[in-house]
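Step one of this worksheet: look at the structure below.
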Amino acid sequence: MELDIMPFDQALADRLTTALAGKHDLDETRMFGGFGFMWHGNMCCGVHRGYLMLRLGVANYDDLTKRCSALRPMDFTGKVMRGWGMIEGTKCSDEEFELLTRASLAFVQTLPENKAKTPISRKTPQR
């Protein structure tokens with residue numbers, strides 16, 4: 001029996017790491033077959049297979065879909081997660097990538113600290 005295990009896109013993860021380098025209080029973590037960044041225990045953004053996943057908030061999502069046509073609801077589990085979006089890494093221009101990652105970080109910084117136990121992570125390198 002062969003398992004269908006697809007790792008996350010390392011080049012996209014590297015792109016995300018570079019974009020978030022120097023941002024304080026972000027923890028880099030691997031989870032659920034993917035890679036992501038947490039801010040004070042809240043998931044901010046990450047990579048699942050070849051997709052950039054972003055926590056944007058319900059109010060911000062509609063505006064951002066007007067500015068990034070390839071952005072769609074996050075539904076990789078089969079159920080849409082409101083306030084989250086995903087975009088194929090290959091369909092995301094540098095300008096969209098920067099806009100979306102900034103929007104995701106700005107949104108999670110409005111959330112209270114999540115003190116629940118989080119996956120093992122490491123601090124993002126300060127560049």
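Numbering starts fresh at 1 for the residues of each chain in the structure tokens, the chains themselves are lettered A, B, ... in the order given, and ligands are numbered from 1 as they appear.
Residues surrounding Leu52 in chain A within 6 Å are Gly46, Met86, Ile87 and Gly89 of chain A [only C-alpha atoms; sequence separation below 6 positions excluded].
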Identify which of the residues A:Tyr51, A:Phe8, A:Phe76, A:Trp39 lies closest to Ala106 in chain A, counting only C-alpha atoms when measuring atom-to-atom distances.
->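 Once distances to Ala106 in chain A are computed over only C-alpha atoms, the minimum belongs to A:Trp39.
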May I have a table of the residues of range 46-77 of chain A lying at most 7 Å from range 15-36 of chain A, giving each one's closest pair of atoms and their distance in Å to one decimal, counting only C-alpha atoms, ordered by chain and ascending residue number, as a tab-separated table?
residue	atom	partner	partner_atom	distance
A:Gly46	CA	A:Gly36	CA	3.7
A:Val47	CA	A:Phe35	CA	5.2
A:His48	CA	A:Gly34	CA	4.7
A:Arg49	CA	A:Gly34	CA	6.9
As a ChimeraX atom specification, please: all residues of chain A that backbone DSSP puts in alpha helix (DSSP H).
-> /A:10-20,58-67,94-108
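Atom to atom, CA of Met53 in chain A and CA of Met74 in chain A stand 7.0 Å apart.
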CA of Pro7 in chain A to CA of Asp75 in chain A, distance in Å rounded to a single decimal |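 CA of Pro7 in chain A sits 17.6 Å away from CA of Asp75 in chain A.
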Those in chain A with strand (DSSP E or B) from DSSP, as a ChimeraX atom specification = /A:26-31,34-39,42-48,51-55,72-74,81-88,121-123
Closest of A:Gly83, A:Thr77, A:Ala70, A:Glu88 to Val108 in chain A - atom-to-atom distances counting only C-alpha atoms | A:Gly83
Coordinates-based distance that separates CA of Arg82 in chain A from CA of Gly57 in chain A (Å, one decimal) |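 Computed distance, CA of Gly57 in chain A to CA of Arg82 in chain A, equals 7.6 Å.
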A:Ala13, A:Cys44, A:Glu113, A:Trp84: which is nearest Leu64 in chain A, counting only C-alpha atoms?
->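 Checking each of A:Ala13, A:Cys44, A:Glu113, A:Trp84 against Leu64 in chain A, counting only C-alpha atoms, the winner is A:Trp84.
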